[in-house]
$ cat upload-v2.csv   # CSV, C-alpha atoms
chain,number,residue,atom,x,y,z
A,1,MET,CA,-0.8,23.7,44.8
A,2,ARG,CA,-4.1,22.3,43.6
A,3,ARG,CA,-3.4,23.5,40.1
A,4,LEU,CA,0.1,21.9,40.1
A,5,LEU,CA,-1.4,18.6,41.2
A,6,ALA,CA,-4.0,18.7,38.5
A,7,THR,CA,-1.4,19.5,35.8
A,8,THR,CA,0.8,16.6,37.1
A,9,PHE,CA,-2.1,14.2,37.1
A,10,GLY,CA,-3.0,15.3,33.5
A,11,LEU,CA,0.5,14.7,32.3
A,12,VAL,CA,0.6,11.2,34.0
A,13,LEU,CA,-2.7,10.4,32.2
A,14,LEU,CA,-1.4,11.6,28.9
A,15,GLY,CA,1.8,9.6,29.3
A,16,GLY,CA,-0.3,6.5,29.9
A,17,CYS,CA,-2.1,7.1,26.6
A,18,THR,CA,1.1,7.3,24.4
A,19,THR,CA,0.7,5.5,21.1
A,20,MET,CA,3.5,4.2,18.9
A,21,ASP,CA,4.1,5.1,15.3
A,22,PRO,CA,4.2,2.1,13.0
A,23,ALA,CA,7.5,1.2,11.2
A,24,PRO,CA,9.1,2.4,9.0
A,25,ARG,CA,9.5,5.9,10.6
A,26,CYS,CA,11.0,8.2,8.0
A,27,ASP,CA,12.7,11.5,8.9
A,28,MET,CA,11.5,13.4,5.8
A,29,GLY,CA,13.4,16.5,6.8
A,30,ARG,CA,16.7,14.7,6.5
A,31,ILE,CA,15.6,12.9,3.3
A,32,SER,CA,14.7,16.3,1.9
A,33,SER,CA,18.1,17.8,2.8
A,34,GLN,CA,19.9,15.0,1.1
A,35,ARG,CA,18.1,15.7,-2.2
A,36,ASP,CA,20.4,18.6,-2.8
A,37,LEU,CA,23.4,16.3,-2.8
A,38,VAL,CA,22.1,13.2,-4.8
A,39,PRO,CA,19.8,12.9,-7.7
A,40,GLY,CA,17.1,11.1,-5.7
A,41,PRO,CA,16.2,10.5,-2.0
A,42,ALA,CA,18.8,7.8,-1.7
A,43,MET,CA,21.2,7.3,1.2
A,44,VAL,CA,24.4,9.4,1.0
A,45,PRO,CA,27.5,7.3,1.4
A,46,GLY,CA,29.3,7.9,4.6
A,47,GLU,CA,26.3,9.5,6.3
A,48,SER,CA,23.8,7.7,8.5
A,49,SER,CA,20.5,7.0,6.8
A,50,PRO,CA,17.6,9.4,7.3
A,51,LEU,CA,15.4,6.3,7.3
A,52,LYS,CA,15.0,5.3,10.9
A,53,GLU,CA,16.0,1.7,10.2
A,54,MET,CA,13.8,-1.2,11.0
A,55,PRO,CA,16.1,-3.4,13.1
A,56,LEU,CA,17.2,-6.7,11.8
A,57,ASN,CA,16.3,-10.0,13.5
A,58,SER,CA,13.0,-8.6,14.7
A,59,VAL,CA,9.3,-8.4,13.7
A,60,ASN,CA,8.3,-5.0,12.4
A,61,ILE,CA,4.6,-4.3,12.4
A,62,THR,CA,4.2,-2.0,9.5
A,63,ASP,CA,0.5,-1.6,9.7
A,64,GLU,CA,-1.0,1.0,12.0
A,65,GLY,CA,-4.2,-1.0,12.1
A,66,ILE,CA,-2.7,-3.8,14.2
A,67,LEU,CA,0.2,-2.0,15.9
A,68,ASN,CA,-1.5,-1.8,19.2
A,69,LYS,CA,-3.4,-5.0,18.9
A,70,LEU,CA,-0.7,-7.6,18.5
A,71,TYR,CA,2.2,-8.5,20.7
A,72,VAL,CA,5.2,-10.3,19.4
A,73,ARG,CA,6.1,-12.5,22.4
A,74,THR,CA,9.2,-14.3,21.1
A,75,ILE,CA,11.3,-14.5,18.0
A,76,THR,CA,13.8,-17.3,17.4
A,77,ALA,CA,15.9,-18.5,14.5
A,78,ARG,CA,17.6,-21.8,14.0
A,79,ARG,CA,19.5,-23.7,11.4
A,80,THR,CA,17.8,-26.7,9.8
A,81,ALA,CA,19.5,-29.9,8.8
A,82,THR,CA,20.2,-28.6,5.4
A,83,GLY,CA,21.8,-25.3,6.7
A,84,THR,CA,18.8,-23.1,5.8
A,85,VAL,CA,17.4,-20.8,8.5
A,86,GLU,CA,14.0,-21.1,10.1
A,87,VAL,CA,12.6,-18.1,11.9
A,88,ILE,CA,9.8,-18.5,14.3
A,89,ALA,CA,7.7,-15.7,15.9
A,90,GLN,CA,5.0,-16.2,18.4
A,91,VAL,CA,2.3,-13.5,18.1
A,92,VAL,CA,-0.4,-12.7,20.6
A,93,ASN,CA,-3.8,-11.2,19.7
A,94,CYS,CA,-4.4,-8.8,22.6
A,95,THR,CA,-7.9,-8.0,21.5
A,96,ASP,CA,-11.3,-9.6,22.1
A,97,PHE,CA,-11.8,-10.0,18.4
A,98,PRO,CA,-10.5,-12.4,15.8
A,99,LEU,CA,-7.7,-11.0,13.8
A,100,ASN,CA,-6.1,-12.0,10.5
A,101,ALA,CA,-2.5,-10.9,10.0
A,102,GLU,CA,0.1,-11.8,7.5
A,103,ALA,CA,3.9,-11.7,7.5
A,104,ARG,CA,6.8,-12.1,5.2
A,105,THR,CA,10.6,-12.4,5.8
A,106,GLN,CA,13.6,-10.9,4.1
A,107,PHE,CA,16.8,-12.8,4.8
A,108,TYR,CA,20.1,-10.9,4.7
A,109,ASP,CA,23.7,-11.9,4.3
A,110,ALA,CA,26.6,-10.6,6.4
A,111,ASN,CA,27.0,-7.3,4.5
A,112,PRO,CA,23.9,-6.9,5.1
A,113,ALA,CA,22.4,-7.2,1.7
A,114,PRO,CA,19.3,-9.2,0.8
A,115,SER,CA,20.5,-12.8,0.2
A,116,GLU,CA,17.4,-14.0,-1.6
A,117,PRO,CA,14.0,-12.8,-2.7
A,118,VAL,CA,11.6,-11.8,0.0
A,119,SER,CA,9.2,-14.6,1.0
A,120,ALA,CA,5.5,-14.5,0.1
A,121,TRP,CA,3.0,-13.2,2.6
A,122,LYS,CA,1.9,-15.9,4.9
A,123,ARG,CA,-1.4,-15.6,6.8
A,124,ILE,CA,-1.8,-16.1,10.6
A,125,HIS,CA,-5.2,-16.5,12.0
A,126,LEU,CA,-5.5,-15.2,15.6
A,127,SER,CA,-8.6,-16.0,17.6
A,128,PRO,CA,-9.5,-13.5,20.4
A,129,ARG,CA,-6.9,-13.5,23.2
A,130,THR,CA,-4.8,-16.3,21.7
A,131,SER,CA,-1.4,-16.7,20.3
A,132,ASN,CA,-0.2,-18.3,17.0
A,133,VAL,CA,3.1,-18.9,15.4
A,134,TYR,CA,4.5,-17.5,12.2
A,135,SER,CA,7.5,-19.3,10.7
A,136,GLU,CA,9.5,-19.1,7.6
A,137,PHE,CA,12.4,-20.9,6.0
A,138,SER,CA,15.2,-19.3,4.1
A,139,MET,CA,16.1,-20.6,0.6
A,140,GLY,CA,19.8,-20.1,1.1
A,141,ALA,CA,22.0,-22.0,3.6
A,142,GLN,CA,25.3,-20.5,4.7
A,143,THR,CA,24.6,-17.1,2.9
A,144,VAL,CA,22.0,-16.2,5.5
A,145,ASP,CA,23.1,-14.1,8.4
A,146,GLY,CA,20.1,-12.1,9.4
A,147,TYR,CA,16.4,-11.5,8.8
A,148,MET,CA,13.7,-9.0,9.1
A,149,ILE,CA,10.0,-9.9,9.4
A,150,GLU,CA,7.3,-7.5,8.3
A,151,MET,CA,3.8,-7.9,9.6
A,152,ARG,CA,0.5,-6.3,8.4
A,153,GLU,CA,-3.2,-6.9,8.7
A,154,THR,CA,-4.7,-9.3,6.0
A,155,LYS,CA,-7.1,-7.3,3.8
B,1,MET,CA,25.6,41.6,17.0
B,2,ARG,CA,22.6,43.6,15.9
B,3,ARG,CA,22.0,40.9,13.2
B,4,LEU,CA,21.8,38.1,15.9
B,5,PRO,CA,18.1,38.2,16.3
B,6,SER,CA,17.4,38.0,12.6
B,7,VAL,CA,20.0,35.1,12.2
B,8,LEU,CA,18.3,33.3,15.1
B,9,ALA,CA,14.9,33.9,13.5
B,10,VAL,CA,16.1,32.4,10.2
B,11,LEU,CA,17.6,29.5,12.0
B,12,ALA,CA,14.5,28.9,14.0
B,13,SER,CA,12.2,29.1,10.9
B,14,GLY,CA,14.6,26.7,9.1
B,15,LEU,CA,14.4,24.2,11.9
B,16,ALA,CA,10.6,24.6,12.1
B,17,LEU,CA,10.3,24.0,8.3
B,18,ALA,CA,12.5,20.9,8.5
B,19,ALA,CA,10.3,19.6,11.3
B,20,CYS,CA,7.2,20.2,9.3
B,21,GLN,CA,8.2,18.0,6.3
B,22,LYS,CA,6.3,14.8,6.6
B,23,VAL,CA,5.8,11.7,4.4
B,24,ASP,CA,3.3,12.5,1.7
B,25,ASN,CA,1.1,9.7,2.9
B,26,THR,CA,-1.4,9.6,0.1
B,27,ALA,CA,-2.3,7.0,-2.5
B,28,GLY,CA,-0.1,6.7,-5.6
B,29,ALA,CA,-1.1,7.1,-9.2
B,30,PRO,CA,-3.8,4.6,-10.2
B,31,THR,CA,-2.5,1.7,-12.4
B,32,VAL,CA,-3.8,-1.6,-13.8
B,33,TYR,CA,-0.8,-3.4,-12.3
B,34,ILE,CA,-1.3,-5.0,-9.0
B,35,ASP,CA,0.9,-7.1,-6.7
B,36,PRO,CA,0.3,-10.8,-7.5
B,37,GLY,CA,1.3,-11.6,-3.9
B,38,SER,CA,-1.6,-9.6,-2.4
B,39,SER,CA,-5.4,-9.7,-2.8
B,40,GLY,CA,-6.5,-7.6,-5.7
B,41,PRO,CA,-9.8,-5.6,-6.2
B,42,VAL,CA,-11.5,-8.7,-7.6
B,43,LYS,CA,-11.6,-11.4,-4.9
B,44,GLY,CA,-13.7,-14.4,-4.5
B,45,VAL,CA,-13.6,-17.8,-2.7
B,46,GLY,CA,-11.5,-19.6,-5.3
B,47,ILE,CA,-7.7,-20.0,-5.6
B,48,GLU,CA,-6.2,-16.7,-6.6
B,49,SER,CA,-2.7,-15.3,-7.5
B,50,GLN,CA,-1.8,-14.6,-3.9
B,51,ASP,CA,-2.6,-18.2,-3.0
B,52,ILE,CA,-0.5,-19.6,-5.8
B,53,VAL,CA,2.4,-17.3,-4.9
B,54,GLY,CA,2.0,-18.1,-1.2
B,55,MET,CA,1.7,-21.9,-1.6
B,56,THR,CA,4.6,-22.3,-4.1
B,57,ASP,CA,6.9,-20.1,-2.0
B,58,GLN,CA,6.0,-22.1,1.2
B,59,MET,CA,6.5,-25.4,-0.5
B,60,LEU,CA,9.9,-24.6,-2.1
B,61,ARG,CA,11.3,-23.2,1.1
B,62,ASP,CA,10.1,-26.3,3.0
B,63,MET,CA,11.6,-28.7,0.4
B,64,LEU,CA,15.0,-26.9,0.7
B,65,SER,CA,15.0,-27.6,4.4
B,66,GLN,CA,14.6,-31.3,3.9
B,67,PRO,CA,17.9,-33.2,4.0
B,68,ARG,CA,16.7,-36.0,1.7
B,69,LEU,CA,15.9,-33.5,-1.0
B,70,ALA,CA,18.4,-30.7,-0.5
B,71,ASN,CA,21.4,-32.2,1.3
B,72,ALA,CA,22.1,-35.5,-0.4
B,73,ALA,CA,25.7,-36.4,-1.2
B,74,THR,CA,24.6,-36.7,-4.9
B,75,PRO,CA,22.0,-34.1,-5.8
B,76,PRO,CA,18.8,-36.0,-6.7
B,77,ASN,CA,17.1,-35.7,-10.1
B,78,VAL,CA,13.7,-34.2,-9.5
B,79,ILE,CA,10.7,-34.0,-11.9
B,80,ILE,CA,8.2,-31.2,-11.1
B,81,ASP,CA,5.3,-30.9,-13.5
B,82,ALA,CA,1.5,-31.1,-13.5
B,83,GLU,CA,1.3,-34.7,-14.9
B,84,TYR,CA,0.4,-36.2,-11.5
B,85,PHE,CA,-1.0,-33.1,-9.9
B,86,TYR,CA,-4.8,-33.4,-10.0
B,87,ASN,CA,-7.4,-30.7,-9.6
B,88,GLU,CA,-10.5,-32.2,-8.0
B,89,SER,CA,-11.7,-28.9,-6.6
B,90,SER,CA,-14.6,-26.7,-7.7
B,91,SER,CA,-12.0,-24.0,-8.6
B,92,ARG,CA,-11.3,-23.6,-12.3
B,93,LEU,CA,-7.6,-23.1,-12.7
B,94,ASN,CA,-4.6,-24.1,-14.8
B,95,LYS,CA,-2.7,-26.3,-12.5
B,96,ASN,CA,0.5,-25.6,-14.5
B,97,SER,CA,0.6,-22.2,-13.0
B,98,ILE,CA,1.2,-23.9,-9.6
B,99,THR,CA,3.7,-26.5,-10.7
B,100,ASP,CA,5.6,-24.2,-13.1
B,101,ARG,CA,6.1,-21.5,-10.4
B,102,LEU,CA,7.2,-24.2,-8.0
B,103,ARG,CA,9.7,-25.7,-10.4
B,104,VAL,CA,11.1,-22.4,-11.6
B,105,GLY,CA,11.4,-21.0,-8.0
B,106,LEU,CA,13.0,-24.2,-6.7
B,107,ASN,CA,15.4,-24.5,-9.6
B,108,ARG,CA,16.6,-20.9,-9.1
B,109,ALA,CA,16.9,-21.3,-5.4
B,110,ALA,CA,18.4,-24.8,-5.3
B,111,GLY,CA,21.9,-23.8,-6.5
B,112,GLY,CA,22.9,-27.3,-7.4
B,113,ARG,CA,21.3,-29.0,-4.3
B,114,MET,CA,18.8,-30.7,-6.7
B,115,GLN,CA,18.9,-31.4,-10.4
B,116,PHE,CA,15.7,-30.8,-12.4
B,117,VAL,CA,14.5,-33.0,-15.2
B,118,GLY,CA,12.4,-31.4,-17.9
B,119,ARG,CA,10.2,-34.4,-18.5
B,120,HIS,CA,7.6,-32.2,-20.2
B,121,TYR,CA,10.3,-31.5,-22.8
B,122,ALA,CA,11.2,-35.2,-23.3
B,123,ASP,CA,9.7,-35.3,-26.8
B,124,MET,CA,11.6,-32.1,-27.8
B,125,VAL,CA,14.9,-33.6,-26.6
B,126,ALA,CA,14.2,-37.0,-28.2
B,127,LYS,CA,13.6,-35.4,-31.6
B,128,GLU,CA,16.9,-33.5,-31.5
B,129,ARG,CA,18.8,-36.6,-30.3
B,130,ASP,CA,17.4,-38.5,-33.3
B,131,LEU,CA,18.4,-35.8,-35.7
B,132,LYS,CA,22.0,-35.7,-34.3
B,133,ARG,CA,22.3,-39.5,-34.4
B,134,GLN,CA,20.9,-39.7,-37.9
B,135,GLY,CA,23.5,-37.1,-39.0
B,136,THR,CA,20.9,-34.7,-40.2
B,137,VAL,CA,22.4,-32.1,-37.8
B,138,ASP,CA,25.9,-32.0,-36.3
B,139,ARG,CA,26.6,-33.2,-32.7
B,140,ALA,CA,26.7,-29.6,-31.3
B,141,THR,CA,29.1,-28.7,-28.6
B,142,LEU,CA,28.0,-30.7,-25.5
B,143,PRO,CA,29.2,-34.3,-25.1
B,144,ALA,CA,26.6,-36.9,-26.1
B,145,ALA,CA,24.6,-38.5,-23.3
B,146,LYS,CA,23.8,-42.2,-23.2
B,147,ALA,CA,20.1,-41.4,-22.5
B,148,GLN,CA,17.9,-38.7,-21.1
B,149,LYS,CA,18.0,-38.2,-17.3
B,150,GLY,CA,15.8,-40.4,-15.2
B,151,GLY,CA,14.0,-39.1,-12.2
B,152,ASP,CA,14.8,-40.0,-8.5
B,153,PHE,CA,11.7,-38.1,-7.2
B,154,ARG,CA,8.6,-36.7,-8.9
B,155,LEU,CA,6.0,-34.3,-7.6
B,156,GLY,CA,2.4,-35.5,-7.1
B,157,GLY,CA,-0.5,-33.8,-5.5
B,158,ARG,CA,-4.1,-32.9,-5.4
B,159,ILE,CA,-6.4,-29.9,-5.1
B,160,THR,CA,-9.7,-30.5,-3.3
B,161,SER,CA,-12.4,-28.2,-2.0
B,162,LEU,CA,-15.5,-28.2,0.1
B,163,ASP,CA,-18.3,-25.7,-0.8
B,164,SER,CA,-21.2,-24.4,1.3
B,165,ARG,CA,-23.7,-21.7,0.6
B,166,ASP,CA,-26.3,-20.0,2.8
B,167,PRO,CA,-29.4,-19.8,0.6
B,168,LYS,CA,-30.9,-17.0,2.7
B,169,THR,CA,-28.0,-14.6,2.3
B,170,GLY,CA,-26.2,-16.0,-0.7
B,171,MET,CA,-23.0,-16.2,1.3
B,172,MET,CA,-20.6,-18.6,-0.2
B,173,GLN,CA,-17.8,-20.4,1.7
B,174,ARG,CA,-15.1,-22.6,0.2
B,175,TYR,CA,-12.4,-24.7,2.0
B,176,ASN,CA,-9.4,-25.3,-0.3
B,177,GLN,CA,-6.8,-27.9,0.3
B,178,ILE,CA,-3.7,-28.4,-1.8
B,179,ILE,CA,-1.3,-31.2,-1.0
B,180,PHE,CA,2.1,-31.7,-2.5
B,181,GLU,CA,4.1,-34.9,-2.3
B,182,MET,CA,7.5,-36.0,-3.5
B,183,VAL,CA,7.6,-39.6,-4.5
B,184,ASP,CA,10.6,-41.9,-4.8
B,185,LEU,CA,10.4,-43.2,-8.4
B,186,GLU,CA,11.9,-46.6,-7.4
B,187,SER,CA,10.2,-47.5,-4.2
B,188,SER,CA,7.1,-45.2,-4.4
B,189,GLU,CA,8.0,-44.0,-0.9
B,190,ILE,CA,6.7,-40.5,-0.2
B,191,VAL,CA,9.8,-38.7,1.0
B,192,TRP,CA,8.3,-35.3,1.6
B,193,SER,CA,4.8,-33.8,2.0
B,194,GLY,CA,3.4,-30.3,2.2
B,195,ILE,CA,-0.1,-29.0,2.7
B,196,TYR,CA,-1.6,-25.6,2.0
B,197,GLU,CA,-5.1,-25.0,3.1
B,198,PHE,CA,-7.4,-22.0,3.5
B,199,ALA,CA,-11.1,-21.1,3.7
B,200,LYS,CA,-12.7,-18.1,2.2
B,201,ALA,CA,-16.2,-16.7,2.6
B,202,ALA,CA,-17.8,-14.0,0.4
B,203,GLN,CA,-21.3,-12.6,-0.3
B,204,ASP,CA,-21.0,-13.1,-4.1
B,205,ASP,CA,-18.9,-15.6,-5.9
B,206,ILE,CA,-16.9,-14.2,-8.8
B,207,ILE,CA,-16.3,-15.8,-12.1
B,208,TYR,CA,-12.9,-17.5,-12.6
B,209,ARG,CA,-11.9,-18.0,-16.3

$ encode --input "upload-v2.csv" --output "structure tokens"
Amino acid sequence: MRRLLATTFGLVLLGGCTTMDPAPRCDMGRISSQRDLVPGPAMVPGESSPLKEMPLNSVNITDEGILNKLYVRTITARRTATGTVEVIAQVVNCTDFPLNAEARTQFYDANPAPSEPVSAWKRIHLSPRTSNVYSEFSMGAQTVDGYMIEMRETK
Amino acid sequence: MRRLPSVLAVLASGLALAACQKVDNTAGAPTVYIDPGSSGPVKGVGIESQDIVGMTDQMLRDMLSQPRLANAATPPNVIIDAEYFYNESSSRLNKNSITDRLRVGLNRAAGGRMQFVGRHYADMVAKERDLKRQGTVDRATLPAAKAQKGGDFRLGGRITSLDSRDPKTGMMQRYNQIIFEMVDLESSEIVWSGIYEFAKAAQDDIIYR
């Protein structure tokens, strides 16, 4: 009984320490299996992609260094007076240290294919235990249907 | 039936192999090419390529969200060049690299929402117009224009900086401020403003040429 309790307690502790893998998460086994069918590791038409896709209309933290340090509290998007899209993400620095992150946005049309060039990296300075806002405008107006924000630590 | 264990073993080893394949997460081949939008191996406290890429991208996206510039009933004629864009900072740089990137990016993205006047090519256009009107060359294919396009709005701006140095450590710090303004060429009203600012600190300053 004592041994069982100890095991259960250990498992609970381990569960509490679970860490996330940063995006993108690639299934290299499936990518490798598709290499027999196509000249390169590209997606096979009609099959689901072996790349575990980074979801649209979200912030993807692509840097392991800040994955467990930042918290993206809110993401919103709105149309401006000219019809372009403004995305706004509120980011929280969960650490006791200042942090410099940077983000960029790729806007997509309804297909979804990229509707314009990806934006330049924009820096966000985060003081300890504070939040800051990342925002970006699209260039296109009615062509924009979705977006994806990538975030990494500023080197 | 006797083969079942061996089939299962092959299947199991196949699955195990597939599970073992991981991303080869090592550095790529070394190259002299670097991403102009990110910090390179030579970095100092001045304005660098990632700053130029960042500021021009930010400004052009902001301009395209302003109704007076990008949603007018008649697309305005815009002049973007370095003529009224002043560098008063301690950074040595060619300010054309900022205004050129801004004009090219904006022109490609505007899609007819603005019209761009090549005022820096005015002399070239004037010479060709004179040759056509003198009959030295033919009139080409496009219809003759009464005059070169005038501008509705023109870019102005300024780059300034504030330097400080710790004599004990040699640590250098520079605050860079770059402002962009669109000016109405009839009323002088500033119809749009943008600011890009950053501060950098480094142990040793590098040489910008």

$ residues_around --input "upload-v2.csv" --residues "A:Lys155" --least-positions-apart "3" --cutoff "9 Å" --atoms "all atoms listed in the file" --output "VMD selection string"
(chain A and resid 100 to 101 152) or (chain B and resid 38 to 39)

$ closest_residue --input "upload-v2.csv" --among "A:Thr76, A:Ser127, A:Ser135, A:Ser119" --to "A:Phe107" --atoms "only C-alpha atoms"
A:Ser119

$ closest_atom_pairs --input "upload-v2.csv" --of "chain B" --to "chain A" --cutoff "12 Å" --atoms "only C-alpha atoms" --output "JSON lines"
{"residue": "B:Gly14", "atom": "CA", "partner": "A:Gly29", "partner_atom": "CA", "distance": 10.5}
{"residue": "B:Leu15", "atom": "CA", "partner": "A:Gly29", "partner_atom": "CA", "distance": 9.3}
{"residue": "B:Ala16", "atom": "CA", "partner": "A:Gly29", "partner_atom": "CA", "distance": 10.1}
{"residue": "B:Leu17", "atom": "CA", "partner": "A:Gly29", "partner_atom": "CA", "distance": 8.3}
{"residue": "B:Ala18", "atom": "CA", "partner": "A:Gly29", "partner_atom": "CA", "distance": 4.8}
{"residue": "B:Ala19", "atom": "CA", "partner": "A:Gly29", "partner_atom": "CA", "distance": 6.3}
{"residue": "B:Cys20", "atom": "CA", "partner": "A:Gly29", "partner_atom": "CA", "distance": 7.6}
{"residue": "B:Gln21", "atom": "CA", "partner": "A:Gly29", "partner_atom": "CA", "distance": 5.4}
{"residue": "B:Lys22", "atom": "CA", "partner": "A:Met28", "partner_atom": "CA", "distance": 5.4}
{"residue": "B:Val23", "atom": "CA", "partner": "A:Met28", "partner_atom": "CA", "distance": 6.1}
{"residue": "B:Asp24", "atom": "CA", "partner": "A:Met28", "partner_atom": "CA", "distance": 9.2}
{"residue": "B:Asn25", "atom": "CA", "partner": "A:Cys26", "partner_atom": "CA", "distance": 11.2}
{"residue": "B:Asp35", "atom": "CA", "partner": "A:Ala120", "partner_atom": "CA", "distance": 11.1}
{"residue": "B:Pro36", "atom": "CA", "partner": "A:Ala120", "partner_atom": "CA", "distance": 9.9}
{"residue": "B:Gly37", "atom": "CA", "partner": "A:Ala120", "partner_atom": "CA", "distance": 6.5}
{"residue": "B:Ser38", "atom": "CA", "partner": "A:Trp121", "partner_atom": "CA", "distance": 7.7}
{"residue": "B:Ser39", "atom": "CA", "partner": "A:Lys155", "partner_atom": "CA", "distance": 7.2}
{"residue": "B:Gly40", "atom": "CA", "partner": "A:Lys155", "partner_atom": "CA", "distance": 9.5}
{"residue": "B:Pro41", "atom": "CA", "partner": "A:Lys155", "partner_atom": "CA", "distance": 10.5}
{"residue": "B:Lys43", "atom": "CA", "partner": "A:Lys155", "partner_atom": "CA", "distance": 10.6}
{"residue": "B:Ser49", "atom": "CA", "partner": "A:Ala120", "partner_atom": "CA", "distance": 11.2}
{"residue": "B:Gln50", "atom": "CA", "partner": "A:Trp121", "partner_atom": "CA", "distance": 8.2}
{"residue": "B:Asp51", "atom": "CA", "partner": "A:Trp121", "partner_atom": "CA", "distance": 9.4}
{"residue": "B:Ile52", "atom": "CA", "partner": "A:Ala120", "partner_atom": "CA", "distance": 9.8}
{"residue": "B:Val53", "atom": "CA", "partner": "A:Ala120", "partner_atom": "CA", "distance": 6.5}
{"residue": "B:Gly54", "atom": "CA", "partner": "A:Ala120", "partner_atom": "CA", "distance": 5.2}
{"residue": "B:Met55", "atom": "CA", "partner": "A:Ala120", "partner_atom": "CA", "distance": 8.5}
{"residue": "B:Thr56", "atom": "CA", "partner": "A:Ala120", "partner_atom": "CA", "distance": 8.9}
{"residue": "B:Asp57", "atom": "CA", "partner": "A:Ala120", "partner_atom": "CA", "distance": 6.1}
{"residue": "B:Gln58", "atom": "CA", "partner": "A:Ala120", "partner_atom": "CA", "distance": 7.7}
{"residue": "B:Met59", "atom": "CA", "partner": "A:Phe137", "partner_atom": "CA", "distance": 9.9}
{"residue": "B:Leu60", "atom": "CA", "partner": "A:Met139", "partner_atom": "CA", "distance": 7.9}
{"residue": "B:Arg61", "atom": "CA", "partner": "A:Met139", "partner_atom": "CA", "distance": 5.5}
{"residue": "B:Asp62", "atom": "CA", "partner": "A:Phe137", "partner_atom": "CA", "distance": 6.6}
{"residue": "B:Met63", "atom": "CA", "partner": "A:Met139", "partner_atom": "CA", "distance": 9.3}
{"residue": "B:Leu64", "atom": "CA", "partner": "A:Met139", "partner_atom": "CA", "distance": 6.4}
{"residue": "B:Ser65", "atom": "CA", "partner": "A:Thr82", "partner_atom": "CA", "distance": 5.4}
{"residue": "B:Gln66", "atom": "CA", "partner": "A:Thr82", "partner_atom": "CA", "distance": 6.4}
{"residue": "B:Pro67", "atom": "CA", "partner": "A:Thr82", "partner_atom": "CA", "distance": 5.3}
{"residue": "B:Arg68", "atom": "CA", "partner": "A:Thr82", "partner_atom": "CA", "distance": 9.0}
{"residue": "B:Leu69", "atom": "CA", "partner": "A:Thr82", "partner_atom": "CA", "distance": 9.1}
{"residue": "B:Ala70", "atom": "CA", "partner": "A:Thr82", "partner_atom": "CA", "distance": 6.5}
{"residue": "B:Asn71", "atom": "CA", "partner": "A:Thr82", "partner_atom": "CA", "distance": 5.6}
{"residue": "B:Ala72", "atom": "CA", "partner": "A:Thr82", "partner_atom": "CA", "distance": 9.2}
{"residue": "B:Ala73", "atom": "CA", "partner": "A:Thr82", "partner_atom": "CA", "distance": 11.6}
{"residue": "B:Gly105", "atom": "CA", "partner": "A:Met139", "partner_atom": "CA", "distance": 9.8}
{"residue": "B:Leu106", "atom": "CA", "partner": "A:Met139", "partner_atom": "CA", "distance": 8.7}
{"residue": "B:Asn107", "atom": "CA", "partner": "A:Met139", "partner_atom": "CA", "distance": 10.9}
{"residue": "B:Arg108", "atom": "CA", "partner": "A:Met139", "partner_atom": "CA", "distance": 9.7}
{"residue": "B:Ala109", "atom": "CA", "partner": "A:Met139", "partner_atom": "CA", "distance": 6.1}
{"residue": "B:Ala110", "atom": "CA", "partner": "A:Met139", "partner_atom": "CA", "distance": 7.6}
{"residue": "B:Gly111", "atom": "CA", "partner": "A:Gly140", "partner_atom": "CA", "distance": 8.7}
{"residue": "B:Gly112", "atom": "CA", "partner": "A:Gly140", "partner_atom": "CA", "distance": 11.6}
{"residue": "B:Arg113", "atom": "CA", "partner": "A:Thr82", "partner_atom": "CA", "distance": 9.8}
{"residue": "B:Tyr196", "atom": "CA", "partner": "A:Lys122", "partner_atom": "CA", "distance": 10.7}
{"residue": "B:Glu197", "atom": "CA", "partner": "A:Arg123", "partner_atom": "CA", "distance": 10.8}
{"residue": "B:Phe198", "atom": "CA", "partner": "A:Arg123", "partner_atom": "CA", "distance": 9.4}
{"residue": "B:Ala199", "atom": "CA", "partner": "A:His125", "partner_atom": "CA", "distance": 11.2}

$ residues_around --input "upload-v2.csv" --residues "A:Pro128" --least-positions-apart "3" --cutoff "12 Å" --atoms "all atoms listed in the file" --output "JSON, numbers by chain"
{"A": [69, 70, 92, 93, 94, 95, 96, 97, 98, 99, 100, 125, 131, 132]}

$ atom_distance --input "upload-v2.csv" --atom1 "atom CA of B:Gly157" --atom2 "atom CA of B:Trp192"
11.4 Å

$ atom_distance --input "upload-v2.csv" --atom1 "atom CA of B:Leu142" --atom2 "atom CA of B:Phe116"
18.0 Å

$ residues_around --input "upload-v2.csv" --residues "B:Arg158" --least-positions-apart "4" --cutoff "8 Å" --atoms "only C-alpha atoms" --output "ChimeraX atom specification"
/B:85-88,178-180

$ decode --input "upload-v2.csv" --residues "stretch 110-114 of chain B" --atoms "N, CA and C atoms" --output "mmCIF file, in the first residue's frame"
data_model
loop_
_atom_site.group_PDB
_atom_site.id
_atom_site.type_symbol
_atom_site.label_atom_id
_atom_site.label_comp_id
_atom_site.auth_asym_id
_atom_site.auth_seq_id
_atom_site.Cartn_x
_atom_site.Cartn_y
_atom_site.Cartn_z
ATOM 1 N N ALA B 110 0.595 49.089 -52.123
ATOM 2 C CA ALA B 110 -0.548 50.017 -52.184
ATOM 3 C C ALA B 110 -1.620 49.541 -53.160
ATOM 4 N N GLY B 111 -1.222 48.914 -54.236
ATOM 5 C CA GLY B 111 -2.204 48.399 -55.191
ATOM 6 C C GLY B 111 -3.168 49.456 -55.691
ATOM 7 N N GLY B 112 -2.665 50.654 -56.012
ATOM 8 C CA GLY B 112 -3.512 51.708 -56.571
ATOM 9 C C GLY B 112 -4.149 52.613 -55.525
ATOM 10 N N ARG B 113 -3.936 52.315 -54.236
ATOM 11 C CA ARG B 113 -4.531 53.170 -53.204
ATOM 12 C C ARG B 113 -3.807 54.505 -53.091
ATOM 13 N N MET B 114 -2.561 54.538 -53.549
ATOM 14 C CA MET B 114 -1.794 55.793 -53.635
ATOM 15 C C MET B 114 -1.078 55.772 -54.978
#
